[in-house]
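Undergrad: Pasting a structure here, questions to come.
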Amino acid sequence: MRQLRIALAQVDPVVGDLEGNRALVVQHTRRAAGEGVHLVLFPEMVLTGYPVEDLALRDSFVSASVKATRALARDLDHEGLGELPVVVGFLSRREGVPSRTGQPSGAPQNAVAVLHRGEVVLTSAKHHLPNYGVFDEFRNFVPGDTLGLLRVRGVDVALAVCEDLWQEGGPVDAAGTVGADLLAVLNGSPYERDKDDVRLDLCQARSRRINAALAYVNMVGGQDDLVFEGDSLVVDAEGELVARAPQFTEELLVADLELPAAGRRSDPAPDLVHGLRVRRRTVSEDPVAPYPPRANTVTPRPDPRSDVGEVYRALVTGLRSYVLKNGFSSVLVGVSGGIDSALAATVAVDALGPDLVHGVLMPGEHSSAHSVSDAEELARRQGFPVRTVEIGPMVESFEAAAEQAASPLHGLAAENLQARVRGTFLMSLSNQEGHLVLATGNKSEAATGYSTLYGDSVGGFAPLKDCWKTLVWELAEWRNADAERGGHVPPIPENSIAKPPSAELGPDQFDTDSLPDYAVLDAVLDAYVGTDEGEAELVFAGFDPDLVRRVIRMVDRAEYKRRQSAPGTKISARNLSRDRRLPMTNRWTV
């Protein structure tokens with residue numbers, strides 16, 4: 001057996017920031033060298049950030065990525081880190097391949113590079129390209145046709161990228177066939193609720209299948225509506241967990257491994273395995289001198305039966321990344337005293353701090369006294385500034401103008417006017433003061449269209465967009481309980497959680513006047529939206545037929561609203577934007 005100390009650099013790159021991402025790699029490589037590491041692994045496309053989407057189709061961006069990767073190799077060498085092999089993800093192109101109809105122009109590839117002694121000494125590319133859910137990689141890349149096999153300190157390390165791990169065949173099975181001792185998988189794997197347990201099970205199954213240790217390095221941070229939780233880990237050849245990084249924070253996970261010496265196969269390894277050409281490179285043959293291994297770190301996970309706190313941290317990470325990476329200086333939240341705006345403001349305060357969160361209370365004719373006091377109490381508990389603006393005079397001006405146009409407003413039009421006045425005022429403050437407006441709606445509202453277009457739906461980012469209403473309550477209760485566990489005052493007023501939800505656009509109005517009870521509604525929505533179950537399947541599952549038809553009709557008719565909605569952090573297996581793409585003009589209702 002041979003010893004090998006590896007580092008998994010769980011970092012937060014920024015899409016398009018090639019210089020900043022290069023510096024990030026140098027910084028963490030320097031830390032790894034200080035830990036006596038023999039091999040450093042970085043996430044998928046760390047040099048460019050991920051996902052780059054159609055930036056991959058720009059020849060200038062591909063060329064810049066290739067150039068930056070070579071420059072990074074020189075940077076590391078100039079910093080005295082050239083002897084330490086570093087594995088990074090980058091955007092490359094498949095040379096010598098003519099463009100074909102149906103393939104991305106220029107043959108861009110989601111690639112891996114090994115940097116050593118100032119040079120790029122080995123490259124390979126992602127073989128399995130995902131084309132489901134949020135992924136559209138057949139549009140952006142061409143598949144790799146090689147297996148990278150790096151020999152370091154007499155140990156053979158096979159290289160794979162993200163989806164390669166999830167699919168049968170390809171680089172994983174090829175690594176087993178050539179007798180690799182360690183499979184290094186570079187990942188940009190977005191967060192989904194409950195995904196961490198599935199991921200661990202998969203890594204354990206793959207390691208046992210190919211009889212090799214497996215190192216899984218994932219990025220952290222947010223990119224648009226995606227959030228990456230890290231959760232980097234190492235398992236041994238028996239599938240036992242060796243080391244695991246925390247979620248939602250940058251981390252250099254260092255693990256000491258004992259691995260077989262390279263060349264376990266009695267016969268020479270073939271050059272073509274499972275349709276892949278094996279590309280080999282040796283950077284060091286001599287084994288590491290024996291040393292006392294350190295105790296590896298396995299960060300414990302929360303109780304899997306209660307993962308609401310994990311979802312909450314994902315929302316905080318997603319919002320923080322979107323605000324900071326896009327250069328916004330602060331956020332603006334319309335606080336109404338209700339649960340949605342209360343939770344959205346709380347997530348914002350946890351993400352950015354109270355000084356960067358600005359609240360606006362906009363009471364109208366039908367606003368209750370407790371709504372005003374609850375919103376003020378929310379701001380007081382969390383310490384963010386709030387101002388109060390009465391919308392009555394603005395609503396009256398609109399109503400007078402409508403009467404002059406011989407079209408006086410009444411009913412739903414009069415109710416929606418109040419929401420639109422509030423939305424217009426928030427956006428005006430945003431233009432004047434430079435805040436990013438947060439839309440406070442939830443997934444149940446977005447699914448059913450229970451929101452006013454250009455009213456309460458306005459905003460540049462919607463932190464609760466992928467949270468069912470019932471989850472909003474769970475998150476609020478978890479956040480308050482978490483504060484109490486730490487000896488702090490719960491940030492959300494109890495009345496905001498307990499009171500029946502209401503838009504307060506009409507007298508004695510409640511959400512249940514227009515919608516089913518949220519517990520029932522969310523169950524139907526989760527089946528219809530989450531798994532594409534149709535009317536027959538939902539009725540067979542025991543839901544009331546009239547309710548099913550009503551909910552399906554609301555969801556289908558609201559597609560045009562969702563197309564115009566703000567992005568929001570994805571936390572479920574199927575959100576209402578990238579994951580679910582349906583036509584707005586659609587007469588299929590079954």
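Simple scheme: letters A, B, ... for chains in structure tokens order, numbers from 1 for residues in each chain, numbers from 1 for ligands in the order shown.
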Residues within 10 Å of segment 168-172 of chain A, please, as a PyMOL selection string. Count only C-alpha atoms; anything in the same chain fewer than 5 positions from it doesn't count.

TA: chain A and resi 125-128+144-148+158-161+163+177+180+183-185+206-207+209-210+273-276+278

Undergrad: I want to know what sits within 10 Å of Ser329 of chain A, based on only C-alpha atoms, with residues of the same chain fewer than 3 positions away left out; could you give that as a list in words?

TA: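 Returned residues: Val323, Leu324, Asn326, Leu352, Leu356, Val357, Glu433, Gly434, His435 and Leu436 of chain A.
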
Undergrad: How would the residues just picked look written out with N, CA and C atoms as a compact mmCIF listing (two decimals), in the first residue's frame?

TA:
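Here's the written file again_14.txt:
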# COMPACT_ATOMS: atom_id res chain seq x y z
N VAL A 323 -26.72 38.56 -5.13
CA VAL A 323 -26.55 39.98 -4.83
C VAL A 323 -25.09 40.41 -5.01
N LEU A 324 -24.17 39.67 -4.39
CA LEU A 324 -22.77 40.09 -4.39
C LEU A 324 -22.11 39.89 -5.75
N ASN A 326 -23.43 39.97 -8.63
CA ASN A 326 -23.96 40.89 -9.64
C ASN A 326 -23.78 42.36 -9.26
N LEU A 352 -26.98 39.01 4.08
CA LEU A 352 -26.27 40.25 3.81
C LEU A 352 -26.01 41.11 5.03
N LEU A 356 -27.78 46.15 4.99
CA LEU A 356 -27.96 46.11 3.54
C LEU A 356 -29.38 45.71 3.14
N VAL A 357 -30.26 45.59 4.11
CA VAL A 357 -31.66 45.24 3.84
C VAL A 357 -32.53 46.43 4.20
N GLU A 433 -32.50 54.65 -5.65
CA GLU A 433 -31.53 54.40 -4.59
C GLU A 433 -30.59 53.23 -4.88
N GLY A 434 -30.88 52.47 -5.93
CA GLY A 434 -29.95 51.41 -6.34
C GLY A 434 -30.13 50.07 -5.66
N HIS A 435 -31.23 49.86 -4.95
CA HIS A 435 -31.47 48.57 -4.30
C HIS A 435 -31.96 47.53 -5.32
N LEU A 436 -31.68 46.28 -5.03
CA LEU A 436 -32.31 45.17 -5.75
C LEU A 436 -33.61 44.82 -5.03

Undergrad: With distances taken over only C-alpha atoms, which of A:Pro292, A:Glu537, A:Val178, A:Asp544 is nearest to Arg277 of chain A?

TA: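 Residue with the minimum atom-to-atom distance to Arg277 of chain A: A:Val178.
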
Undergrad: Can you tell me, as a PyMOL selection string, what residues are no more than 8 Å from Leu186 of chain A when counting only C-alpha atoms, ignoring any on the same chain fewer than 4 positions away?

TA: chain A and resi 41-44+88-89+159-162+216-218

Undergrad: Out of A:Pro85, A:Gly459, A:Pro500, A:Gly309, which residue has the shortest atom-to-atom distance to Asp482 of chain A when counting only C-alpha atoms?

TA: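 Using only C-alpha atoms, Asp482 of chain A sits closest to A:Gly309.
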
Undergrad: In terms of the shortest atom-to-atom distance over only C-alpha atoms, which of A:Ala107, A:Val472, A:Ala245, A:Ala344 is closest to Asp59 of chain A?

TA: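 Nearest to Asp59 of chain A: A:Ala107.
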
Undergrad: So which residues of segment 147-301 of chain A fall under alpha helix (DSSP H) by DSSP, listed as a VMD selection string?

TA: chain A and resid 163 to 166 171 to 177 195 to 210

Undergrad: Keeping only N, CA and C atoms, take the residues you just selected and write them out as a compact mmCIF listing (two decimals), in the first residue's frame.

TA:
# COMPACT_ATOMS: atom_id res chain seq x y z
N GLU A 163 -21.36 14.25 -14.38
CA GLU A 163 -22.34 13.32 -14.94
C GLU A 163 -21.73 11.97 -15.26
N ASP A 164 -20.43 11.94 -15.51
CA ASP A 164 -19.75 10.66 -15.76
C ASP A 164 -19.95 9.70 -14.61
N LEU A 165 -20.06 10.24 -13.40
CA LEU A 165 -20.25 9.40 -12.22
C LEU A 165 -21.66 8.82 -12.17
N TRP A 166 -22.64 9.57 -12.66
CA TRP A 166 -24.05 9.18 -12.51
C TRP A 166 -24.50 8.18 -13.56
N PRO A 171 -16.28 6.74 -18.36
CA PRO A 171 -15.05 6.88 -17.56
C PRO A 171 -15.02 6.06 -16.28
N VAL A 172 -16.17 5.90 -15.60
CA VAL A 172 -16.14 5.16 -14.34
C VAL A 172 -15.78 3.70 -14.57
N ASP A 173 -16.49 3.04 -15.47
CA ASP A 173 -16.18 1.64 -15.75
C ASP A 173 -14.79 1.50 -16.38
N ALA A 174 -14.41 2.47 -17.19
CA ALA A 174 -13.07 2.43 -17.79
C ALA A 174 -12.00 2.51 -16.70
N ALA A 175 -12.24 3.33 -15.68
CA ALA A 175 -11.28 3.44 -14.58
C ALA A 175 -11.11 2.10 -13.87
N GLY A 176 -12.22 1.37 -13.71
CA GLY A 176 -12.13 0.05 -13.10
C GLY A 176 -11.38 -0.93 -13.97
N THR A 177 -11.61 -0.86 -15.27
CA THR A 177 -10.98 -1.80 -16.19
C THR A 177 -9.46 -1.61 -16.25
N LYS A 195 -30.50 15.57 -1.82
CA LYS A 195 -29.56 15.04 -2.81
C LYS A 195 -28.28 14.53 -2.17
N ASP A 196 -27.92 15.07 -0.99
CA ASP A 196 -26.64 14.68 -0.41
C ASP A 196 -26.61 13.20 -0.05
N ASP A 197 -27.73 12.65 0.41
CA ASP A 197 -27.76 11.22 0.74
C ASP A 197 -27.66 10.37 -0.52
N VAL A 198 -28.34 10.80 -1.58
CA VAL A 198 -28.26 10.07 -2.85
C VAL A 198 -26.84 10.10 -3.38
N ARG A 199 -26.20 11.24 -3.27
CA ARG A 199 -24.83 11.40 -3.77
C ARG A 199 -23.87 10.48 -3.03
N LEU A 200 -23.98 10.42 -1.71
CA LEU A 200 -23.09 9.54 -0.94
C LEU A 200 -23.31 8.09 -1.33
N ASP A 201 -24.55 7.68 -1.42
CA ASP A 201 -24.84 6.30 -1.83
C ASP A 201 -24.24 5.98 -3.18
N LEU A 202 -24.34 6.92 -4.11
CA LEU A 202 -23.79 6.70 -5.45
C LEU A 202 -22.28 6.55 -5.40
N CYS A 203 -21.61 7.44 -4.67
CA CYS A 203 -20.15 7.35 -4.59
C CYS A 203 -19.71 6.02 -3.97
N GLN A 204 -20.41 5.59 -2.94
CA GLN A 204 -20.07 4.32 -2.31
C GLN A 204 -20.27 3.15 -3.27
N ALA A 205 -21.38 3.17 -4.01
CA ALA A 205 -21.64 2.09 -4.96
C ALA A 205 -20.61 2.06 -6.07
N ARG A 206 -20.23 3.21 -6.58
CA ARG A 206 -19.25 3.27 -7.67
C ARG A 206 -17.87 2.80 -7.19
N SER A 207 -17.47 3.21 -6.00
CA SER A 207 -16.14 2.82 -5.51
C SER A 207 -16.06 1.31 -5.33
N ARG A 208 -17.12 0.71 -4.79
CA ARG A 208 -17.11 -0.76 -4.63
C ARG A 208 -17.12 -1.46 -5.98
N ARG A 209 -17.82 -0.87 -6.93
CA ARG A 209 -17.93 -1.50 -8.24
C ARG A 209 -16.58 -1.58 -8.95
N ILE A 210 -15.78 -0.51 -8.85
CA ILE A 210 -14.50 -0.50 -9.57
C ILE A 210 -13.32 -0.81 -8.65

Undergrad: Write out as a list in words which residues come within 9 Å of segment 26-32 of chain A when counting only C-alpha atoms, dropping same-chain ones fewer than 2 positions away.

TA: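 Near neighbours after the sequence-gap exclusion: Ile6, Ala7, Leu8, Ala9, Val11, Asn21, Arg22, Ala23, Leu24, Gly34, Glu35, Gly36, Val37, His38, Leu39, Val40, Leu72, Asp75, Leu76, Glu79, Gly80, Leu81, Leu84, Val86, Leu252 and Val254 of chain A.
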
Undergrad: Keeping only N, CA and C atoms, write those residues as a PDB file, in the first residue's frame.

TA:
ATOM      1  N   ILE A   6      -4.401  13.922  -0.279  1.00  0.00           N
ATOM      2  CA  ILE A   6      -5.065  14.709  -1.327  1.00  0.00           C
ATOM      3  C   ILE A   6      -5.846  15.853  -0.683  1.00  0.00           C
ATOM      4  N   ALA A   7      -6.074  16.889  -1.481  1.00  0.00           N
ATOM      5  CA  ALA A   7      -6.889  18.023  -1.035  1.00  0.00           C
ATOM      6  C   ALA A   7      -8.004  18.254  -2.039  1.00  0.00           C
ATOM      7  N   LEU A   8      -9.214  18.405  -1.544  1.00  0.00           N
ATOM      8  CA  LEU A   8     -10.375  18.730  -2.359  1.00  0.00           C
ATOM      9  C   LEU A   8     -10.721  20.186  -2.076  1.00  0.00           C
ATOM     10  N   ALA A   9     -10.503  21.046  -3.065  1.00  0.00           N
ATOM     11  CA  ALA A   9     -10.703  22.484  -2.885  1.00  0.00           C
ATOM     12  C   ALA A   9     -12.145  22.838  -3.252  1.00  0.00           C
ATOM     13  N   VAL A  11     -14.533  25.339  -3.658  1.00  0.00           N
ATOM     14  CA  VAL A  11     -14.432  26.786  -3.815  1.00  0.00           C
ATOM     15  C   VAL A  11     -15.655  27.348  -4.540  1.00  0.00           C
ATOM     16  N   ASN A  21     -10.782  33.666 -10.834  1.00  0.00           N
ATOM     17  CA  ASN A  21     -10.795  32.224 -10.589  1.00  0.00           C
ATOM     18  C   ASN A  21      -9.385  31.643 -10.598  1.00  0.00           C
ATOM     19  N   ARG A  22      -8.515  32.191 -11.434  1.00  0.00           N
ATOM     20  CA  ARG A  22      -7.103  31.772 -11.395  1.00  0.00           C
ATOM     21  C   ARG A  22      -6.506  32.054 -10.021  1.00  0.00           C
ATOM     22  N   ALA A  23      -6.777  33.249  -9.509  1.00  0.00           N
ATOM     23  CA  ALA A  23      -6.249  33.615  -8.194  1.00  0.00           C
ATOM     24  C   ALA A  23      -6.807  32.701  -7.110  1.00  0.00           C
ATOM     25  N   LEU A  24      -8.074  32.306  -7.260  1.00  0.00           N
ATOM     26  CA  LEU A  24      -8.695  31.406  -6.297  1.00  0.00           C
ATOM     27  C   LEU A  24      -7.968  30.061  -6.262  1.00  0.00           C
ATOM     28  N   GLY A  34       0.870  23.903   1.995  1.00  0.00           N
ATOM     29  CA  GLY A  34       1.198  24.047   3.404  1.00  0.00           C
ATOM     30  C   GLY A  34       0.736  22.886   4.255  1.00  0.00           C
ATOM     31  N   GLU A  35      -0.236  22.134   3.759  1.00  0.00           N
ATOM     32  CA  GLU A  35      -0.741  20.953   4.469  1.00  0.00           C
ATOM     33  C   GLU A  35       0.000  19.683   4.066  1.00  0.00           C
ATOM     34  N   GLY A  36       1.019  19.813   3.220  1.00  0.00           N
ATOM     35  CA  GLY A  36       1.796  18.649   2.811  1.00  0.00           C
ATOM     36  C   GLY A  36       1.053  17.739   1.848  1.00  0.00           C
ATOM     37  N   VAL A  37       0.213  18.306   1.022  1.00  0.00           N
ATOM     38  CA  VAL A  37      -0.622  17.535   0.094  1.00  0.00           C
ATOM     39  C   VAL A  37       0.193  17.097  -1.122  1.00  0.00           C
ATOM     40  N   HIS A  38      -0.205  15.948  -1.691  1.00  0.00           N
ATOM     41  CA  HIS A  38       0.484  15.426  -2.873  1.00  0.00           C
ATOM     42  C   HIS A  38      -0.322  15.602  -4.164  1.00  0.00           C
ATOM     43  N   LEU A  39      -1.612  15.935  -4.053  1.00  0.00           N
ATOM     44  CA  LEU A  39      -2.477  16.118  -5.223  1.00  0.00           C
ATOM     45  C   LEU A  39      -3.645  17.002  -4.802  1.00  0.00           C
ATOM     46  N   VAL A  40      -3.948  18.018  -5.642  1.00  0.00           N
ATOM     47  CA  VAL A  40      -5.044  18.938  -5.348  1.00  0.00           C
ATOM     48  C   VAL A  40      -6.098  18.833  -6.443  1.00  0.00           C
ATOM     49  N   LEU A  72      -2.364  29.747 -15.747  1.00  0.00           N
ATOM     50  CA  LEU A  72      -2.468  29.277 -14.371  1.00  0.00           C
ATOM     51  C   LEU A  72      -1.342  28.293 -14.053  1.00  0.00           C
ATOM     52  N   ASP A  75       1.510  30.389 -13.406  1.00  0.00           N
ATOM     53  CA  ASP A  75       1.349  31.085 -12.120  1.00  0.00           C
ATOM     54  C   ASP A  75       1.773  30.184 -10.965  1.00  0.00           C
ATOM     55  N   LEU A  76       1.289  28.958 -10.986  1.00  0.00           N
ATOM     56  CA  LEU A  76       1.598  28.024  -9.905  1.00  0.00           C
ATOM     57  C   LEU A  76       3.098  27.752  -9.822  1.00  0.00           C
ATOM     58  N   GLU A  79       4.918  30.651  -8.333  1.00  0.00           N
ATOM     59  CA  GLU A  79       4.652  30.756  -6.900  1.00  0.00           C
ATOM     60  C   GLU A  79       5.354  29.663  -6.097  1.00  0.00           C
ATOM     61  N   GLY A  80       6.166  28.867  -6.769  1.00  0.00           N
ATOM     62  CA  GLY A  80       6.859  27.783  -6.087  1.00  0.00           C
ATOM     63  C   GLY A  80       5.996  26.576  -5.826  1.00  0.00           C
ATOM     64  N   LEU A  81       4.879  26.449  -6.570  1.00  0.00           N
ATOM     65  CA  LEU A  81       3.932  25.354  -6.369  1.00  0.00           C
ATOM     66  C   LEU A  81       3.916  24.384  -7.543  1.00  0.00           C
ATOM     67  N   LEU A  84       3.626  20.437  -7.239  1.00  0.00           N
ATOM     68  CA  LEU A  84       2.384  19.865  -6.741  1.00  0.00           C
ATOM     69  C   LEU A  84       1.381  19.747  -7.884  1.00  0.00           C
ATOM     70  N   VAL A  86      -1.926  19.724  -9.860  1.00  0.00           N
ATOM     71  CA  VAL A  86      -3.211  20.366  -9.597  1.00  0.00           C
ATOM     72  C   VAL A  86      -4.163  20.009 -10.729  1.00  0.00           C
ATOM     73  N   LEU A 252     -11.134  23.587   2.303  1.00  0.00           N
ATOM     74  CA  LEU A 252     -10.081  22.741   1.746  1.00  0.00           C
ATOM     75  C   LEU A 252     -10.112  21.442   2.533  1.00  0.00           C
ATOM     76  N   VAL A 254      -8.806  17.986   3.358  1.00  0.00           N
ATOM     77  CA  VAL A 254      -7.573  17.216   3.216  1.00  0.00           C
ATOM     78  C   VAL A 254      -7.819  15.809   3.743  1.00  0.00           C
TER      79      VAL A 254
END

Undergrad: Looking at only C-alpha atoms, which of A:Leu226, A:Ala369, A:Leu429, A:Val220 is the one that sits closest to Pro463 of chain A?

TA: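 Selected residue with least distance to Pro463 of chain A: A:Leu226.
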
Undergrad: Near Ser92 of chain A, within 9 Å and counting only C-alpha atoms, which residues show up once chain neighbours fewer than 6 positions away are dropped, as number ranges by chain?

TA: A: 56, 62-63, 65-66, 107-112, 125

Undergrad: Save out the residues we just selected, N, CA, C and O atoms, as a compact mmCIF listing (two decimals), in the first residue's frame.

TA:
# COMPACT_ATOMS: atom_id res chain seq x y z
N ALA A 56 -20.17 29.13 -23.90
CA ALA A 56 -19.34 28.08 -24.49
C ALA A 56 -19.31 28.15 -26.00
O ALA A 56 -18.40 27.60 -26.64
N VAL A 62 -13.86 30.55 -25.29
CA VAL A 62 -13.14 29.28 -25.26
C VAL A 62 -11.63 29.53 -25.33
O VAL A 62 -10.85 28.96 -24.56
N SER A 63 -11.23 30.41 -26.23
CA SER A 63 -9.80 30.72 -26.37
C SER A 63 -9.25 31.33 -25.09
O SER A 63 -8.14 30.99 -24.66
N SER A 65 -10.34 30.83 -22.08
CA SER A 65 -10.27 29.79 -21.06
C SER A 65 -9.02 28.93 -21.24
O SER A 65 -8.31 28.63 -20.26
N VAL A 66 -8.75 28.54 -22.47
CA VAL A 66 -7.54 27.73 -22.73
C VAL A 66 -6.29 28.51 -22.36
O VAL A 66 -5.37 27.99 -21.72
N ALA A 107 -16.77 22.94 -31.42
CA ALA A 107 -16.50 21.76 -30.61
C ALA A 107 -16.01 22.08 -29.20
O ALA A 107 -14.99 21.55 -28.73
N PRO A 108 -16.71 22.95 -28.44
CA PRO A 108 -16.30 23.22 -27.06
C PRO A 108 -16.48 22.00 -26.18
O PRO A 108 -17.38 21.18 -26.41
N GLN A 109 -15.64 21.88 -25.16
CA GLN A 109 -15.70 20.74 -24.26
C GLN A 109 -15.59 21.18 -22.80
O GLN A 109 -14.87 22.13 -22.47
N ASN A 110 -16.31 20.48 -21.96
CA ASN A 110 -16.22 20.62 -20.52
C ASN A 110 -15.04 19.74 -20.10
O ASN A 110 -15.16 18.52 -20.00
N ALA A 111 -13.90 20.36 -19.85
CA ALA A 111 -12.65 19.62 -19.81
C ALA A 111 -11.97 19.66 -18.45
O ALA A 111 -12.32 20.43 -17.56
N VAL A 112 -10.96 18.79 -18.33
CA VAL A 112 -10.12 18.67 -17.13
C VAL A 112 -8.67 18.84 -17.56
O VAL A 112 -8.26 18.32 -18.60
N ALA A 125 -11.94 15.16 -21.16
CA ALA A 125 -13.18 15.93 -21.18
C ALA A 125 -14.35 15.08 -20.75
O ALA A 125 -14.33 13.84 -20.85

Undergrad: List as a ChimeraX atom specification the protein and nucleic acid residues near Arg387 of chain A, meaning an atom at most 9 Å away when only C-alpha atoms are counted, but skip any in the same chain fewer than 2 places from it.

TA: /A:358-362,385,389

Undergrad: Export, as a short mmCIF file (atom, residue, chain, number, x, y, z; two decimals), in the first residue's frame, the selected residues with all heavy atoms.

TA:
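Result file follows (result.cif):
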data_model
loop_
_atom_site.label_atom_id
_atom_site.label_comp_id
_atom_site.auth_asym_id
_atom_site.auth_seq_id
_atom_site.Cartn_x
_atom_site.Cartn_y
_atom_site.Cartn_z
N HIS A 358 -33.34 46.86 3.27
CA HIS A 358 -34.22 48.01 3.49
C HIS A 358 -35.67 47.57 3.31
O HIS A 358 -36.03 47.01 2.26
CB HIS A 358 -33.88 49.13 2.51
CG HIS A 358 -32.50 49.68 2.69
ND1 HIS A 358 -32.24 50.83 3.39
CD2 HIS A 358 -31.30 49.20 2.28
CE1 HIS A 358 -30.93 51.05 3.40
NE2 HIS A 358 -30.34 50.07 2.73
N GLY A 359 -36.47 47.82 4.31
CA GLY A 359 -37.87 47.44 4.26
C GLY A 359 -38.77 48.62 3.95
O GLY A 359 -38.47 49.76 4.31
N VAL A 360 -39.87 48.33 3.26
CA VAL A 360 -40.88 49.34 2.98
C VAL A 360 -42.24 48.76 3.37
O VAL A 360 -42.62 47.69 2.88
CB VAL A 360 -40.90 49.76 1.50
CG1 VAL A 360 -41.92 50.89 1.28
CG2 VAL A 360 -39.53 50.21 1.05
N LEU A 361 -42.93 49.45 4.23
CA LEU A 361 -44.27 49.06 4.66
C LEU A 361 -45.26 49.97 3.92
O LEU A 361 -45.18 51.20 4.04
CB LEU A 361 -44.41 49.21 6.17
CG LEU A 361 -45.76 48.91 6.81
CD1 LEU A 361 -46.22 47.51 6.46
CD2 LEU A 361 -45.68 49.07 8.31
N MET A 362 -46.18 49.39 3.17
CA MET A 362 -47.09 50.16 2.31
C MET A 362 -48.54 49.81 2.62
O MET A 362 -49.21 49.12 1.85
CB MET A 362 -46.76 49.88 0.84
CG MET A 362 -45.36 50.33 0.42
SD MET A 362 -44.87 49.79 -1.23
CE MET A 362 -44.51 48.05 -0.91
N PRO A 385 -33.54 48.83 8.63
CA PRO A 385 -34.36 50.05 8.53
C PRO A 385 -35.64 49.79 7.74
O PRO A 385 -35.65 49.03 6.77
CB PRO A 385 -33.45 51.03 7.80
CG PRO A 385 -32.49 50.18 7.03
CD PRO A 385 -32.28 48.95 7.86
N VAL A 389 -45.02 54.01 3.90
CA VAL A 389 -45.58 54.87 2.86
C VAL A 389 -47.03 54.45 2.63
O VAL A 389 -47.30 53.31 2.24
CB VAL A 389 -44.79 54.75 1.53
CG1 VAL A 389 -45.42 55.63 0.45
CG2 VAL A 389 -43.34 55.11 1.74
#

Undergrad: What does the distance between atom CA of Leu453 of chain A and atom CA of Leu343 of chain A come to in Å, to one decimal place?

TA: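 Atom CA of Leu343 of chain A lies 21.3 Å from atom CA of Leu453 of chain A.
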
Undergrad: Compare A:Ala523, A:Leu378, A:Val421, A:Leu332 by their minimum atom-to-atom distance to Glu399 of chain A, counting only C-alpha atoms, and give me the closest one.

TA: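 Of the candidates, the smallest distance to Glu399 of chain A is held by A:Val421.
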
Undergrad: Quote the spacing between atom CA of Gln382 of chain A and atom CA of Gly487 of chain A in Å to one decimal place.

TA: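 Here the two named atoms are 14.6 Å from each other.
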
Undergrad: Using only C-alpha atoms, which of the listed residues (A:Tyr50, A:Glu559, A:Thr585, A:Leu475) sits closest to Asp307 of chain A?

TA: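 Of A:Tyr50, A:Glu559, A:Thr585, A:Leu475, the one nearest Asp307 of chain A, counting only C-alpha atoms, is A:Leu475.
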
Undergrad: Using only C-alpha atoms, determine which residues lie at most 9 Å from segment 570-584 of chain A, disregarding the query and same-chain residues fewer than 3 positions distant; provide the list as a ChimeraX atom specification.

TA: /A:132-135,190-195,225-227,311,314-315,318,443,446-447,463-467,529-531,556-560,562-563,567

Undergrad: Kindly give the distance, in Å, that separates atom CA of Leu149 of chain A and atom CA of Arg279 of chain A, rounded to a single decimal.

TA: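 Pair atom CA of Leu149 of chain A / atom CA of Arg279 of chain A returns 6.0 Å.
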
Undergrad: Can you list every residue in segment 266-401 of chain A that DSSP puts in strand (DSSP E), as a list in words?

TA: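 Assigned to strand (DSSP E), within segment 266-401 of chain A: Leu272, Val273, Leu276, Arg277, Val278, Arg279, Arg280, Arg281, Thr282, Val331, Leu332, Val333, Gly334, Val357, His358, Gly359, Val360, Leu361, Val386, Arg387 and Thr388 of chain A.
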